[in-house]
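Notes for the one structure printed next.
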Amino acid sequence: MLVKTKAIVLHSFKLGESRMIVDMFTCEAGRQSFVVPIPKSSKSKLKKQYFQPMTLLEIESDLRQRLQLQKLKEVRLLAPYSSIPFSPEKLAISLFVAEFLYHALRSEQQNAPLFAYLCDSMQWLDTVEDGFANFHLTFLMRMSRFLGFYPNLDDYVDGCVFDLRTSTFSLQVPTHRDFLQPDDARRIHTLMRMDFPTMRVFRLSRQDRNRITEVLLHYYQLHIPQFPELKSLSVLQELWT
C-alpha cells in the first residue's frame, strides 16, 4: 500500500557498509522500520541529516504488513530545525527524548493526536530562546495522557501519596512499594500544572529536576513492558545548575 505520511526519526544504525536501519514513528502507520541506502555523496537525494534523531520528515513508502523492514520511495524534510542542532542543551534534550520514544513507542500503532503532540513539542523547543530547562519533564508527564496513564489532578490533597501503579493520588498508603511519599507526590502535582509556555515560572533546582526525571522514568517502566534504563540520562542530568 503506497502511503504518504509525516514521520519522526527515532533511531538509526548501520547495517553493513551500504545500508542503515531507520526507526520512525509515522502519523499514518505508527511505528515502522525502514532499510535505507547510506548516502555516498552530497548530491544524493537522501541526505544523512534526514536520519538524525527527532528529525521531522515527509515520506512516501510502499508499506507491506508482512515486511519487518520497509523501503522508502521519497523523503524530504518537513520542518528543518534552526536551533536544536547548534544548542548543546537542546541537543541533549532532543537525544534523550529520541531514546525515550524509541522504547516508549516500540509497538505503538497509528495515533495521530500523539504524533501531532510530538511534532508540536519539538518545534516549540526549536523556536524558544530560553526557559526550557523543564522541557523534558513537561514532555514526559503530558505524553502519558496519550498512552493512557495520566494521573487525575483532582485527586490530589496535600500530604497524600502517589500510587505509581494505578496513577492515583491517595491518603491511603498502598500495600506495594511502587508509590511516592508526600514530598515526591507534591513534585508530581507541581509538574502536572506545567505546560511549555508556563514551565519557566516553576523554579526547580538541578537536584529536584533530576529526581523528577528518575521518578517519571520509573513510572514509565511500570506501565510499559521491558522499558530499559536510558543511556542518555547521565548527560541530561549534568545540564543546568
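In the C-alpha cells, each chain is lettered A, B, ... as it comes, each chain's residues begin at 1, and ligands are numbered from 1 in order of appearance.
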For this session: Could you give me the residues within segment 81-231 of chain A that DSSP places in strand (DSSP E or B), as a VMD selection string?
Result: chain A and resid 161 to 163 168 to 170 179 to 180
Could you save the residues just selected, with C-alpha atoms, as a tab-separated table (two decimals), in the first residue's frame?
```
chain	number	residue	atom	x	y	z
A	161	VAL	CA	0.96	9.67	48.34
A	162	PHE	CA	1.04	8.84	44.65
A	163	ASP	CA	0.43	5.24	43.58
A	168	THR	CA	-3.72	7.90	41.53
A	169	PHE	CA	-3.17	10.22	44.48
A	170	SER	CA	-4.43	8.85	47.79
A	179	PHE	CA	4.37	4.66	45.38
A	180	LEU	CA	5.74	8.13	46.08
```
Set out as JSON lines a contact list for segment 63-182 of chain A and segment 22-25 of chain A with a cut-off of 9 Å, giving each residue of segment 63-182 of chain A that qualifies its closest atom pair and distance in Å to one decimal, counting only C-alpha atoms, ordered by chain and rising residue number.
```
{"residue": "A:Leu101", "atom": "CA", "partner": "A:Phe25", "partner_atom": "CA", "distance": 8.9}
{"residue": "A:Tyr102", "atom": "CA", "partner": "A:Asp23", "partner_atom": "CA", "distance": 7.9}
{"residue": "A:Leu105", "atom": "CA", "partner": "A:Phe25", "partner_atom": "CA", "distance": 7.7}
{"residue": "A:Glu108", "atom": "CA", "partner": "A:Phe25", "partner_atom": "CA", "distance": 8.2}
{"residue": "A:Gln109", "atom": "CA", "partner": "A:Phe25", "partner_atom": "CA", "distance": 8.9}
{"residue": "A:Gln110", "atom": "CA", "partner": "A:Phe25", "partner_atom": "CA", "distance": 8.8}
{"residue": "A:Phe115", "atom": "CA", "partner": "A:Phe25", "partner_atom": "CA", "distance": 7.7}
```
Would you output that residue set with C-alpha atoms, as a tab-separated table (two decimals), in the first residue's frame?
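The file below, selection39.tsv, is the result:
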```tsv
chain	number	residue	atom	x	y	z
A	101	LEU	CA	10.45	7.46	22.40
A	102	TYR	CA	12.41	4.64	20.76
A	105	LEU	CA	6.67	3.68	21.19
A	108	GLU	CA	2.63	1.98	19.01
A	109	GLN	CA	0.05	1.87	16.23
A	110	GLN	CA	-1.40	4.84	14.36
A	115	PHE	CA	2.10	12.34	16.53
```
Set out as a tab-separated table a contact list for segment 45-151 of chain A and segment 222-235 of chain A with a cut-off of 7 Å, giving each residue of segment 45-151 of chain A that qualifies its closest atom pair and distance in Å to one decimal, counting only C-alpha atoms, ordered by chain and rising residue number.
```
residue	atom	partner	partner_atom	distance
A:Ala92	CA	A:Val235	CA	6.9
A:Leu95	CA	A:Ser232	CA	7.0
A:Phe96	CA	A:Ser232	CA	5.3
A:Glu99	CA	A:Leu230	CA	7.0
A:His103	CA	A:Phe227	CA	6.2
A:Ala104	CA	A:Ile224	CA	6.9
```
Hey, what's within 10 Å of segment 86-91 of chain A if we count only C-alpha atoms and toss same-chain stuff fewer than 5 positions away? As a short mmCIF file (atom, residue, chain, number, x, y, z; two decimals) with C-alpha atoms, in the first residue's frame, please?
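Dumped everything to around.cif:
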```cif
data_model
loop_
_atom_site.label_atom_id
_atom_site.label_comp_id
_atom_site.auth_asym_id
_atom_site.auth_seq_id
_atom_site.Cartn_x
_atom_site.Cartn_y
_atom_site.Cartn_z
CA PRO A 53 17.13 11.53 15.87
CA TYR A 81 15.40 22.78 12.89
CA PHE A 96 17.13 11.99 25.45
CA VAL A 97 13.61 12.37 24.03
CA MET A 122 9.86 19.60 19.11
CA LEU A 125 11.71 23.54 21.64
CA ASP A 126 13.37 24.63 18.42
CA PHE A 132 13.29 25.37 28.52
CA ALA A 133 15.15 23.59 31.35
CA PHE A 135 11.02 20.77 28.83
CA VAL A 235 24.21 13.63 30.05
CA LEU A 236 20.86 15.27 30.70
CA GLU A 238 24.53 17.37 34.10
CA LEU A 239 22.69 20.25 32.43
CA TRP A 240 21.96 23.48 34.27
#
```
Long-range neighbours of Phe202 of chain A as a PDB file with C-alpha atoms, in the first residue's frame, 10 Å cut-off, only C-alpha atoms, 5 positions minimum in chain:
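Final file, selection_23.pdb:
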```
ATOM      1  CA  GLY A 131      13.379  28.952  29.821  1.00  0.00           C
ATOM      2  CA  ASN A 134      11.946  21.798  32.382  1.00  0.00           C
ATOM      3  CA  THR A 190       3.543  20.610  40.534  1.00  0.00           C
ATOM      4  CA  LEU A 191       4.698  19.010  37.297  1.00  0.00           C
ATOM      5  CA  ARG A 193       0.398  22.051  36.375  1.00  0.00           C
ATOM      6  CA  MET A 194       3.187  22.887  33.916  1.00  0.00           C
TER       7      MET A 194
END
```
